[in-house]
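Source file input-v9.csv; content: CSV, C-alpha atoms.
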chain,number,residue,atom,x,y,z
M,1,MET,CA,35.1,-10.1,-36.2
M,2,LYS,CA,31.4,-9.5,-36.8
M,3,LYS,CA,30.6,-13.1,-35.8
M,4,LEU,CA,32.7,-12.6,-32.6
M,5,TRP,CA,30.8,-9.5,-31.7
M,6,THR,CA,27.5,-11.2,-32.4
M,7,VAL,CA,28.5,-14.1,-30.1
M,8,LEU,CA,29.7,-11.7,-27.4
M,9,PHE,CA,26.5,-9.7,-27.6
M,10,CYS,CA,24.3,-12.8,-27.3
M,11,VAL,CA,26.3,-14.0,-24.3
M,12,ALA,CA,26.0,-10.5,-22.6
M,13,ALA,CA,22.2,-10.4,-23.3
M,14,ALA,CA,21.7,-13.9,-21.9
M,15,THR,CA,23.8,-13.0,-18.8
M,16,MET,CA,21.6,-9.9,-18.2
M,17,LEU,CA,18.4,-11.8,-18.6
M,18,HIS,CA,19.7,-14.4,-16.2
M,19,ALA,CA,20.7,-11.7,-13.7
M,20,GLN,CA,17.2,-10.1,-13.9
M,21,LYS,CA,15.6,-13.4,-12.9
M,22,GLU,CA,17.9,-14.3,-10.1
M,23,ASP,CA,16.4,-14.7,-6.6
M,24,PRO,CA,17.0,-11.3,-4.9
M,25,GLY,CA,17.7,-13.1,-1.6
M,26,LEU,CA,15.2,-11.3,0.5
M,27,HIS,CA,14.2,-12.8,3.9
M,28,VAL,CA,12.9,-11.8,7.3
M,29,ILE,CA,15.9,-10.1,8.9
M,30,ASN,CA,14.3,-8.8,12.0
M,31,THR,CA,11.2,-9.2,14.1
M,32,TYR,CA,10.1,-6.4,16.4
M,33,LYS,CA,7.9,-7.7,19.3
M,34,VAL,CA,5.5,-4.9,19.8
M,35,GLY,CA,2.5,-6.4,21.7
M,36,GLY,CA,-0.3,-4.3,22.8
M,37,GLU,CA,-4.0,-4.4,21.9
M,38,GLY,CA,-5.8,-3.6,18.7
M,39,TRP,CA,-6.2,-5.0,15.3
M,40,TRP,CA,-4.4,-3.4,12.4
M,41,ASP,CA,-4.7,-2.4,8.8
M,42,TYR,CA,-2.3,-0.2,6.9
M,43,LEU,CA,1.1,1.1,7.9
M,44,ASN,CA,3.4,3.8,6.5
M,45,ILE,CA,6.9,5.0,6.9
M,46,ASP,CA,8.6,8.4,6.8
M,47,PRO,CA,12.1,7.5,5.4
M,48,ALA,CA,13.7,10.8,6.6
M,49,SER,CA,12.6,10.7,10.2
M,50,ARG,CA,12.7,6.9,10.4
M,51,HIS,CA,9.2,6.9,11.9
M,52,LEU,CA,7.0,3.9,11.2
M,53,PHE,CA,3.3,4.5,11.6
M,54,ILE,CA,1.0,1.6,12.3
M,55,SER,CA,-2.8,1.6,12.7
M,56,ARG,CA,-4.0,-0.2,15.8
M,57,GLY,CA,-7.8,0.1,15.8
M,58,THR,CA,-8.3,3.0,18.1
M,59,HIS,CA,-4.9,4.7,17.8
M,60,VAL,CA,-1.7,4.8,15.8
M,61,ILE,CA,1.6,3.7,17.2
M,62,VAL,CA,4.8,5.2,16.0
M,63,LEU,CA,8.0,3.1,16.1
M,64,ASP,CA,11.6,3.8,15.3
M,65,ALA,CA,11.9,1.9,12.1
M,66,ASP,CA,15.5,0.9,12.8
M,67,THR,CA,15.1,-0.4,16.4
M,68,GLY,CA,11.4,-1.2,16.7
M,69,LYS,CA,11.1,0.9,19.8
M,70,GLN,CA,7.9,2.9,20.3
M,71,VAL,CA,8.6,6.6,20.1
M,72,GLY,CA,5.0,8.0,20.1
M,73,GLU,CA,1.3,7.5,19.5
M,74,VAL,CA,-1.5,9.3,17.8
M,75,PRO,CA,-4.5,8.7,20.1
M,76,ASP,CA,-8.3,8.6,19.5
M,77,THR,CA,-8.4,7.4,15.9
M,78,GLN,CA,-11.5,5.2,16.1
M,79,GLY,CA,-11.5,2.4,13.5
M,80,VAL,CA,-8.3,3.7,11.9
M,81,HIS,CA,-7.4,2.2,8.6
M,82,GLY,CA,-4.6,4.2,6.9
M,83,ILE,CA,-2.0,6.9,7.5
M,84,ALA,CA,-1.0,9.5,5.0
M,85,LEU,CA,2.1,11.6,5.4
M,86,ALA,CA,2.8,15.2,4.1
M,87,PRO,CA,6.4,15.8,5.1
M,88,ASP,CA,6.4,19.2,3.2
M,89,LEU,CA,3.7,20.4,5.6
M,90,GLY,CA,4.9,18.6,8.7
M,91,ARG,CA,1.5,16.8,9.0
M,92,GLY,CA,0.1,13.4,9.1
M,93,PHE,CA,-3.5,12.2,8.5
M,94,THR,CA,-5.4,9.1,9.6
M,95,SER,CA,-8.6,7.7,8.1
M,96,ASN,CA,-10.9,6.8,11.0
M,97,GLY,CA,-13.4,4.3,9.6
M,98,ARG,CA,-15.7,3.9,12.6
M,99,GLU,CA,-16.2,7.7,13.0
M,100,GLY,CA,-16.1,8.8,9.4
M,101,THR,CA,-13.4,11.3,10.4
M,102,VAL,CA,-9.8,12.2,9.6
M,103,THR,CA,-7.3,13.1,12.3
M,104,ILE,CA,-4.7,15.6,11.4
M,105,PHE,CA,-1.5,15.4,13.6
M,106,ASP,CA,1.9,17.0,13.8
M,107,LEU,CA,4.6,14.7,12.3
M,108,ASN,CA,7.2,15.7,14.9
M,109,THR,CA,5.2,15.7,18.1
M,110,MET,CA,2.4,13.3,17.0
M,111,LYS,CA,0.0,15.7,18.8
M,112,THR,CA,-3.5,16.1,17.2
M,113,ILE,CA,-4.0,19.3,15.4
M,114,ASP,CA,-7.6,18.9,14.2
M,115,LYS,CA,-10.2,16.3,13.4
M,116,VAL,CA,-12.1,16.6,10.1
M,117,LYS,CA,-15.7,15.4,10.5
M,118,ASP,CA,-18.3,14.0,8.1
M,119,VAL,CA,-15.7,12.8,5.7
M,120,GLY,CA,-17.7,9.8,4.4
M,121,GLN,CA,-18.9,6.4,5.4
M,122,ASN,CA,-16.0,4.2,6.4
M,123,PRO,CA,-13.0,6.1,5.1
M,124,ASP,CA,-10.4,3.3,4.4
M,125,ALA,CA,-7.3,4.0,2.3
M,126,ILE,CA,-5.9,7.6,2.5
M,127,LEU,CA,-3.2,9.4,0.5
M,128,TYR,CA,-1.5,12.8,0.2
M,129,ASP,CA,-1.3,14.3,-3.2
M,130,PRO,CA,1.7,16.7,-3.3
M,131,ALA,CA,0.6,18.3,-6.6
M,132,THR,CA,-2.6,19.7,-5.2
M,133,LYS,CA,-1.6,19.6,-1.5
M,134,ARG,CA,-4.8,17.7,-0.8
M,135,VAL,CA,-5.5,14.6,1.2
M,136,PHE,CA,-7.9,12.0,-0.3
M,137,THR,CA,-9.8,9.4,1.6
M,138,PHE,CA,-11.4,6.5,-0.2
M,139,ASN,CA,-14.7,5.8,1.5
M,140,GLY,CA,-15.8,2.1,1.4
M,141,ARG,CA,-19.5,2.4,2.2
M,142,SER,CA,-20.3,5.7,0.6
M,143,HIS,CA,-18.5,4.7,-2.6
M,144,ASP,CA,-16.7,8.0,-3.0
M,145,SER,CA,-13.4,9.9,-2.3
M,146,THR,CA,-13.2,13.0,-0.2
M,147,ALA,CA,-10.6,15.7,-0.9
M,148,ILE,CA,-9.3,17.7,2.1
M,149,ASP,CA,-7.1,20.8,1.9
M,150,ALA,CA,-4.0,19.5,3.8
M,151,ALA,CA,-3.0,22.9,5.1
M,152,THR,CA,-6.4,24.1,6.3
M,153,GLY,CA,-8.2,20.8,7.1
M,154,LYS,CA,-11.2,21.9,5.1
M,155,ILE,CA,-13.2,19.5,2.8
M,156,VAL,CA,-13.0,20.9,-0.7
M,157,GLY,CA,-15.2,18.3,-2.5
M,158,LYS,CA,-15.9,14.7,-3.2
M,159,ILE,CA,-15.6,12.4,-6.2
M,160,PRO,CA,-18.4,9.8,-6.7
M,161,LEU,CA,-16.8,6.4,-7.5
M,162,ASP,CA,-19.8,4.1,-8.2
M,163,GLY,CA,-18.2,1.3,-6.3
M,164,LYS,CA,-16.1,0.3,-3.2
M,165,PRO,CA,-12.7,2.0,-3.4
M,166,GLU,CA,-9.7,0.2,-2.0
M,167,PHE,CA,-6.1,1.5,-2.2
M,168,GLY,CA,-5.0,4.5,-4.2
M,169,VAL,CA,-1.8,6.0,-5.5
M,170,SER,CA,-0.6,9.5,-6.7
M,171,THR,CA,1.9,10.2,-9.4
M,172,GLY,CA,2.6,13.5,-7.7
M,173,GLU,CA,1.9,15.3,-11.0
M,174,GLY,CA,-1.8,15.7,-11.0
M,175,GLU,CA,-3.0,12.1,-11.3
M,176,LEU,CA,-4.6,9.6,-8.9
M,177,PHE,CA,-5.5,6.0,-9.4
M,178,VAL,CA,-7.6,3.8,-7.2
M,179,ASN,CA,-8.8,0.2,-7.3
M,180,ILE,CA,-12.6,-0.3,-7.2
M,181,GLU,CA,-12.9,-3.6,-5.5
M,182,ASP,CA,-16.5,-4.7,-6.1
M,183,LYS,CA,-16.3,-3.7,-9.8
M,184,SER,CA,-12.9,-5.2,-10.5
M,185,GLU,CA,-11.9,-1.9,-12.0
M,186,LEU,CA,-9.2,0.7,-11.8
M,187,ALA,CA,-10.2,4.4,-11.8
M,188,ALA,CA,-8.1,7.3,-13.0
M,189,LEU,CA,-8.9,10.5,-11.1
M,190,ASP,CA,-8.2,14.2,-11.6
M,191,PRO,CA,-7.3,15.5,-8.1
M,192,LYS,CA,-7.6,19.2,-9.0
M,193,ASP,CA,-11.0,19.1,-10.8
M,194,LEU,CA,-12.3,16.2,-8.6
M,195,LYS,CA,-13.6,14.0,-11.3
M,196,VAL,CA,-13.2,10.5,-12.7
M,197,LYS,CA,-11.1,10.6,-16.0
M,198,ALA,CA,-11.4,6.9,-16.9
M,199,ARG,CA,-12.6,3.6,-15.6
M,200,TRP,CA,-10.7,0.5,-16.7
M,201,PRO,CA,-11.8,-3.1,-16.3
M,202,LEU,CA,-9.0,-5.3,-14.8
M,203,ALA,CA,-10.2,-8.7,-16.0
M,204,PRO,CA,-9.0,-11.4,-15.4
M,205,CYS,CA,-8.1,-9.7,-12.0
M,206,GLN,CA,-10.9,-10.0,-9.5
M,207,GLU,CA,-11.6,-7.8,-6.4
M,208,PRO,CA,-8.4,-5.7,-6.5
M,209,SER,CA,-7.1,-4.2,-3.2
M,210,GLY,CA,-3.4,-3.3,-3.0
M,211,LEU,CA,-2.0,-0.8,-5.6
M,212,ALA,CA,1.5,0.4,-6.4
M,213,LEU,CA,3.0,2.6,-9.2
M,214,ASP,CA,6.1,2.6,-11.3
M,215,LYS,CA,6.1,6.3,-12.0
M,216,LYS,CA,8.9,6.3,-14.6
M,217,ASN,CA,7.5,3.6,-16.8
M,218,ARG,CA,3.8,4.4,-16.1
M,219,ARG,CA,2.9,0.9,-14.8
M,220,LEU,CA,0.4,0.1,-12.1
M,221,PHE,CA,0.4,-3.0,-10.0
M,222,SER,CA,-3.0,-4.2,-8.7
M,223,GLY,CA,-3.1,-7.0,-6.1
M,224,CYS,CA,-6.1,-9.2,-6.9
M,225,ASP,CA,-8.1,-11.5,-4.7
M,226,ASN,CA,-7.9,-14.4,-7.2
M,227,LYS,CA,-4.1,-14.8,-6.5
M,228,MET,CA,-2.7,-12.6,-9.2
M,229,MET,CA,-1.1,-9.2,-9.7
M,230,ALA,CA,-2.3,-7.3,-12.7
M,231,VAL,CA,0.2,-5.0,-14.4
M,232,VAL,CA,-1.6,-2.1,-16.0
M,233,ASN,CA,-0.5,0.6,-18.5
M,234,ALA,CA,-1.3,3.9,-16.6
M,235,ASP,CA,-1.9,5.8,-19.9
M,236,THR,CA,-4.3,3.4,-21.6
M,237,GLY,CA,-5.7,1.2,-18.8
M,238,LYS,CA,-4.7,-1.9,-20.7
M,239,VAL,CA,-3.8,-5.0,-18.6
M,240,ILE,CA,-0.3,-5.8,-19.9
M,241,THR,CA,0.1,-9.1,-18.0
M,242,THR,CA,-0.7,-10.9,-14.8
M,243,VAL,CA,1.6,-12.8,-12.5
M,244,PRO,CA,0.8,-15.3,-9.8
M,245,ILE,CA,0.9,-14.2,-6.2
M,246,GLY,CA,-0.1,-15.7,-2.8
M,247,GLU,CA,-3.6,-15.7,-1.3
M,248,GLY,CA,-5.1,-12.9,0.7
M,249,VAL,CA,-3.2,-9.9,-0.8
M,250,ASP,CA,-4.0,-6.5,0.7
M,251,ALA,CA,-1.0,-4.3,-0.2
M,252,ASN,CA,1.5,-3.8,-3.0
M,253,GLY,CA,4.7,-1.9,-3.4
M,254,PHE,CA,7.2,-0.9,-6.0
M,255,ASP,CA,10.9,-0.1,-5.6
M,256,PRO,CA,12.2,2.0,-8.6
M,257,GLU,CA,15.8,1.4,-7.8
M,258,THR,CA,15.6,-2.4,-7.7
M,259,GLN,CA,12.8,-2.6,-10.2
M,260,LEU,CA,11.0,-5.0,-7.9
M,261,ALA,CA,7.2,-5.1,-7.2
M,262,PHE,CA,5.8,-6.7,-4.1
M,263,ALA,CA,2.5,-8.2,-3.0
M,264,SER,CA,2.0,-9.0,0.7
M,265,CYS,CA,-0.4,-11.8,1.3
M,266,GLY,CA,-2.3,-13.1,4.4
M,267,ASP,CA,-1.2,-16.7,3.7
M,268,GLY,CA,2.2,-15.8,5.0
M,269,SER,CA,4.0,-14.9,1.7
M,270,LEU,CA,5.5,-11.9,0.1
M,271,THR,CA,5.6,-12.3,-3.7
M,272,VAL,CA,8.5,-10.5,-5.4
M,273,VAL,CA,8.2,-9.6,-9.1
M,274,HIS,CA,11.0,-8.2,-11.3
M,275,GLU,CA,10.2,-5.7,-14.0
M,276,ASP,CA,12.4,-7.1,-16.8
M,277,THR,CA,11.1,-4.5,-19.2
M,278,PRO,CA,8.1,-2.3,-19.0
M,279,ASP,CA,6.1,-5.0,-20.7
M,280,LYS,CA,7.7,-8.1,-19.2
M,281,PHE,CA,7.5,-9.2,-15.6
M,282,SER,CA,8.9,-12.3,-13.8
M,283,VAL,CA,8.2,-13.7,-10.3
M,284,VAL,CA,11.7,-14.0,-8.8
M,285,GLN,CA,10.9,-15.0,-5.2
M,286,SER,CA,8.3,-15.8,-2.6
M,287,VAL,CA,9.4,-14.7,0.8
M,288,ALA,CA,8.0,-16.7,3.8
M,289,THR,CA,6.6,-14.1,6.2
M,290,ALA,CA,3.9,-15.1,8.6
M,291,ARG,CA,0.2,-15.8,8.5
M,292,GLY,CA,-1.8,-12.6,8.6
M,293,ALA,CA,1.0,-10.4,7.2
M,294,ARG,CA,-1.2,-8.9,4.5
M,295,THR,CA,-0.2,-5.2,4.6
M,296,MET,CA,3.2,-3.7,4.0
M,297,THR,CA,5.2,-0.5,3.5
M,298,LEU,CA,8.4,-0.1,1.6
M,299,ASP,CA,11.3,2.0,2.9
M,300,SER,CA,12.8,3.9,0.0
M,301,LYS,CA,15.9,4.6,2.0
M,302,THR,CA,17.0,1.1,3.0
M,303,HIS,CA,14.8,-0.9,0.4
M,304,GLN,CA,13.5,-2.9,3.3
M,305,ILE,CA,9.8,-3.9,3.7
M,306,TYR,CA,7.8,-3.8,6.9
M,307,LEU,CA,4.9,-6.0,7.5
M,308,VAL,CA,2.7,-6.6,10.6
M,309,THR,CA,0.9,-9.5,12.0
M,310,ALA,CA,0.1,-11.5,15.2
M,311,LYS,CA,-0.6,-15.0,16.4
M,312,PHE,CA,-4.2,-16.2,16.3
M,313,GLY,CA,-6.4,-18.4,18.3
M,314,PRO,CA,-9.7,-20.0,17.3
M,315,PRO,CA,-12.5,-17.7,16.0
M,316,PRO,CA,-15.5,-17.1,18.1
M,317,GLN,CA,-18.8,-18.8,17.3
M,318,PRO,CA,-20.7,-17.3,14.3
M,319,THR,CA,-23.6,-15.0,15.0
M,320,ALA,CA,-26.2,-13.3,12.8
M,321,ASP,CA,-24.3,-10.1,12.8
M,322,GLN,CA,-20.9,-11.8,12.3
M,323,PRO,CA,-21.5,-15.0,10.3
M,324,HIS,CA,-17.7,-15.3,9.5
M,325,PRO,CA,-16.0,-14.0,12.6
M,326,ARG,CA,-12.2,-13.4,12.4
M,327,PRO,CA,-10.0,-15.5,14.6
M,328,SER,CA,-9.1,-14.1,18.0
M,329,MET,CA,-5.7,-12.4,18.3
M,330,LEU,CA,-3.5,-13.8,21.1
M,331,PRO,CA,-2.6,-11.3,23.8
M,332,ASP,CA,0.7,-9.3,23.2
M,333,SER,CA,1.5,-11.3,20.1
M,334,PHE,CA,1.6,-8.4,17.7
M,335,VAL,CA,4.9,-8.1,15.7
M,336,VAL,CA,6.6,-6.1,12.9
M,337,LEU,CA,8.5,-8.2,10.4
M,338,VAL,CA,11.4,-6.5,8.5
M,339,VAL,CA,12.2,-8.1,5.2
M,340,GLY,CA,15.6,-7.3,3.5
M,341,LYS,CA,18.9,-8.8,2.5
Go ahead and render the structure in this file as structure tokens.
Amino acid sequence: MKKLWTVLFCVAAATMLHAQKEDPGLHVINTYKVGGEGWWDYLNIDPASRHLFISRGTHVIVLDADTGKQVGEVPDTQGVHGIALAPDLGRGFTSNGREGTVTIFDLNTMKTIDKVKDVGQNPDAILYDPATKRVFTFNGRSHDSTAIDAATGKIVGKIPLDGKPEFGVSTGEGELFVNIEDKSELAALDPKDLKVKARWPLAPCQEPSGLALDKKNRRLFSGCDNKMMAVVNADTGKVITTVPIGEGVDANGFDPETQLAFASCGDGSLTVVHEDTPDKFSVVQSVATARGARTMTLDSKTHQIYLVTAKFGPPPQPTADQPHPRPSMLPDSFVVLVVGK
């Protein structure tokens, strides 16, 4: 009987391992033809209201996530990069890189409430920390993070970062983490006392951008420019492992229900990684998306992923100011891709 149970246990274990590594069957299930003008950067979703917020250079468009129809707009967000949401306060926040400002808007009406000035030089990524009820911008050129009281709109302080911050995440329990792109580091921040608690090298990861968090297992997922995802222990800063991803990553996500981590890449791929255990990770799929679909947001309600891109023409001639100009975007070609089962 003992031998029989041993055999059955081994078969069950092998079956579970096989199931963990199966292709999840994700693909582009819908394409919303949005059109309009303006380049893009980050996007964010409010799963409860089904509002999808997308940065478009000078404004933020708001779509119904289930139909793709535009339901609103946040105007005058010059050089907008990211959108942070504070549903408990009924407010949203945009990082306006060109102005060095943050727009505060009403989540229901999309009307502007206030604009916070002198935030920093080129505020890029932005997040809301529910533990402190503060909004944090990560300022690319001034190499710091600005903390704003989300209720009053007042700047409460800054955290020097000694490097170019990219994306950040909050545990919601008094911890922030942010990728430092030009140092190939990950910084752990104290959002209450506004200080850096630790700096961790991410080698062999280079130039990290996107960042996601498995809150339960304390794992961070950094998307790296050298075509890998670094999985980091959020307590020790140790790089546990790296897995291969596509080229041109700019955003990451993690779904705690499916135990899947994602890396959206500008080469037209969405790498899907399964967390087999907190210390073992397997690439289970590479979803074909579209060239330029480098940023994403994950819908925790439907487990679908939203990405944005457009069609491109040839780049303009290089100049002294723009030695590597980006390709031109074809008129009205902007789309939202929905990835699911």
Straight-line distance linking atom CA of Ser269 of chain M with atom CA of Val287 of chain M, stated in Å to one decimal: 5.5 Å
Just the residues within 9 Å of segment 43-56 of chain M, please, counting all atoms listed in the file, with nothing from its chain fewer than 2 positions along; format it as a PDB file with C-alpha atoms, keeping the file's coordinate frame.
ATOM      1  CA  GLY M  36      -0.300  -4.300  22.800  1.00  0.00           C
ATOM      2  CA  GLU M  37      -4.000  -4.400  21.900  1.00  0.00           C
ATOM      3  CA  GLY M  38      -5.800  -3.600  18.700  1.00  0.00           C
ATOM      4  CA  TRP M  39      -6.200  -5.000  15.300  1.00  0.00           C
ATOM      5  CA  TRP M  40      -4.400  -3.400  12.400  1.00  0.00           C
ATOM      6  CA  ASP M  41      -4.700  -2.400   8.800  1.00  0.00           C
ATOM      7  CA  THR M  58      -8.300   3.000  18.100  1.00  0.00           C
ATOM      8  CA  HIS M  59      -4.900   4.700  17.800  1.00  0.00           C
ATOM      9  CA  VAL M  60      -1.700   4.800  15.800  1.00  0.00           C
ATOM     10  CA  ILE M  61       1.600   3.700  17.200  1.00  0.00           C
ATOM     11  CA  VAL M  62       4.800   5.200  16.000  1.00  0.00           C
ATOM     12  CA  LEU M  63       8.000   3.100  16.100  1.00  0.00           C
ATOM     13  CA  ASP M  64      11.600   3.800  15.300  1.00  0.00           C
ATOM     14  CA  ALA M  65      11.900   1.900  12.100  1.00  0.00           C
ATOM     15  CA  ASP M  66      15.500   0.900  12.800  1.00  0.00           C
ATOM     16  CA  GLY M  68      11.400  -1.200  16.700  1.00  0.00           C
ATOM     17  CA  VAL M  71       8.600   6.600  20.100  1.00  0.00           C
ATOM     18  CA  GLU M  73       1.300   7.500  19.500  1.00  0.00           C
ATOM     19  CA  THR M  77      -8.400   7.400  15.900  1.00  0.00           C
ATOM     20  CA  GLY M  79     -11.500   2.400  13.500  1.00  0.00           C
ATOM     21  CA  VAL M  80      -8.300   3.700  11.900  1.00  0.00           C
ATOM     22  CA  HIS M  81      -7.400   2.200   8.600  1.00  0.00           C
ATOM     23  CA  GLY M  82      -4.600   4.200   6.900  1.00  0.00           C
ATOM     24  CA  ILE M  83      -2.000   6.900   7.500  1.00  0.00           C
ATOM     25  CA  ALA M  84      -1.000   9.500   5.000  1.00  0.00           C
ATOM     26  CA  LEU M  85       2.100  11.600   5.400  1.00  0.00           C
ATOM     27  CA  PRO M  87       6.400  15.800   5.100  1.00  0.00           C
ATOM     28  CA  THR M  94      -5.400   9.100   9.600  1.00  0.00           C
ATOM     29  CA  ASN M 108       7.200  15.700  14.900  1.00  0.00           C
ATOM     30  CA  THR M 295      -0.200  -5.200   4.600  1.00  0.00           C
ATOM     31  CA  MET M 296       3.200  -3.700   4.000  1.00  0.00           C
ATOM     32  CA  THR M 297       5.200  -0.500   3.500  1.00  0.00           C
ATOM     33  CA  LEU M 298       8.400  -0.100   1.600  1.00  0.00           C
ATOM     34  CA  ASP M 299      11.300   2.000   2.900  1.00  0.00           C
ATOM     35  CA  SER M 300      12.800   3.900   0.000  1.00  0.00           C
ATOM     36  CA  LYS M 301      15.900   4.600   2.000  1.00  0.00           C
ATOM     37  CA  THR M 302      17.000   1.100   3.000  1.00  0.00           C
ATOM     38  CA  TYR M 306       7.800  -3.800   6.900  1.00  0.00           C
ATOM     39  CA  LEU M 307       4.900  -6.000   7.500  1.00  0.00           C
ATOM     40  CA  VAL M 308       2.700  -6.600  10.600  1.00  0.00           C
TER      41      VAL M 308
END
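Pairwise distance (atom CA of Ala234 of chain M, atom CA of Phe93 of chain M) equals 26.5 Å.
Distances to Phe167 of chain M were evaluated for M:Gly92, M:Gly100, M:Gly246, M:Gly253 using all atoms listed in the file, and the minimum falls at M:Gly253.
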Across M:Arg98, M:Thr241, M:Val28, M:Ser222, the smallest distance to Leu270 of chain M, with only C-alpha atoms counted, is shown by M:Val28
Looking at M:Ser184, M:Ser95, M:Thr271, M:Asn139, which one is nearest to Pro204 of chain M, with distances taken over all atoms listed in the file?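 Using all atoms listed in the file, Pro204 of chain M sits closest to M:Ser184.
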In terms of the shortest atom-to-atom distance over all atoms listed in the file, which of M:Asp88, M:Asp225, M:Glu207, M:Asp182 is closest to Ala150 of chain M?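 The closest residue to Ala150 of chain M is M:Asp88.
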Take the point (7.5, -5.4, 12.2) as written in the file and pick out every residue within 8 Å of it, counting only C-alpha atoms; give the list as a PyMOL selection string. chain M and resi 30-34+68+306-309+335-338
So that I can check the surroundings of Arg326 of chain M, please list as a count of residues only every protein, DNA and RNA residue that reaches within 10 Å of it, counting all atoms listed in the file and ignoring chain neighbours fewer than 6 positions away. 7
Atom CA of Val135 of chain M to atom CA of Ala147 of chain M, distance in Å rounded to a single decimal: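 Distance between the two atoms: 5.6 Å.
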Show which residues sit within 10 Å of Thr236 of chain M, as a PyMOL selection string. Count all atoms listed in the file, and ignore same-chain residues fewer than 6 positions away. chain M and resi 198+200+218
Residue with smallest distance to Ser328 of chain M - pool M:Ile245, M:Val239, M:Ala310, M:Ala251, counting only C-alpha atoms: M:Ala310
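Minimum atom-to-atom distances from M:Ala230, M:Val249, M:Leu161, M:Val178 to Ile126 of chain M were compared using only C-alpha atoms, and the lowest value belongs to M:Val178.
Contact shell of Glu99 of chain M at 9 Å (only C-alpha atoms; same-chain neighbours under 6 positions omitted): Thr77, Gln78, Gly79, Val80, Lys117, Asp118, Val119, Gly120, Gln121, Asn122 and Pro123 of chain M.
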Excluding Phe136 of chain M and residues on its chain fewer than 6 positions from it, collect all residues at most 8 Å away from it, counting all atoms listed in the file, and give them as a list in words.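 So, after excluding close chain neighbours, the residues are Ile126, Leu127, Tyr128, Asp129, Ser145, Thr146, Ala147 and Ile148 of chain M.
Using all atoms listed in the file, every residue with an atom at most 8 Å from the point (-8.6, 13.1, -9.3) is listed here: Ile159, Gly174, Glu175, Leu176, Phe177, Ala188, Leu189, Asp190, Pro191, Lys192, Asp193, Leu194, Lys195, Val196 and Lys197 of chain M.
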Residues as selected, C-alpha atoms, written as a short mmCIF file (atom, residue, chain, number, x, y, z; two decimals), in the frame of the given file, can you do that?
data_model
loop_
_atom_site.label_atom_id
_atom_site.label_comp_id
_atom_site.auth_asym_id
_atom_site.auth_seq_id
_atom_site.Cartn_x
_atom_site.Cartn_y
_atom_site.Cartn_z
CA ILE M 159 -15.60 12.40 -6.20
CA GLY M 174 -1.80 15.70 -11.00
CA GLU M 175 -3.00 12.10 -11.30
CA LEU M 176 -4.60 9.60 -8.90
CA PHE M 177 -5.50 6.00 -9.40
CA ALA M 188 -8.10 7.30 -13.00
CA LEU M 189 -8.90 10.50 -11.10
CA ASP M 190 -8.20 14.20 -11.60
CA PRO M 191 -7.30 15.50 -8.10
CA LYS M 192 -7.60 19.20 -9.00
CA ASP M 193 -11.00 19.10 -10.80
CA LEU M 194 -12.30 16.20 -8.60
CA LYS M 195 -13.60 14.00 -11.30
CA VAL M 196 -13.20 10.50 -12.70
CA LYS M 197 -11.10 10.60 -16.00
#
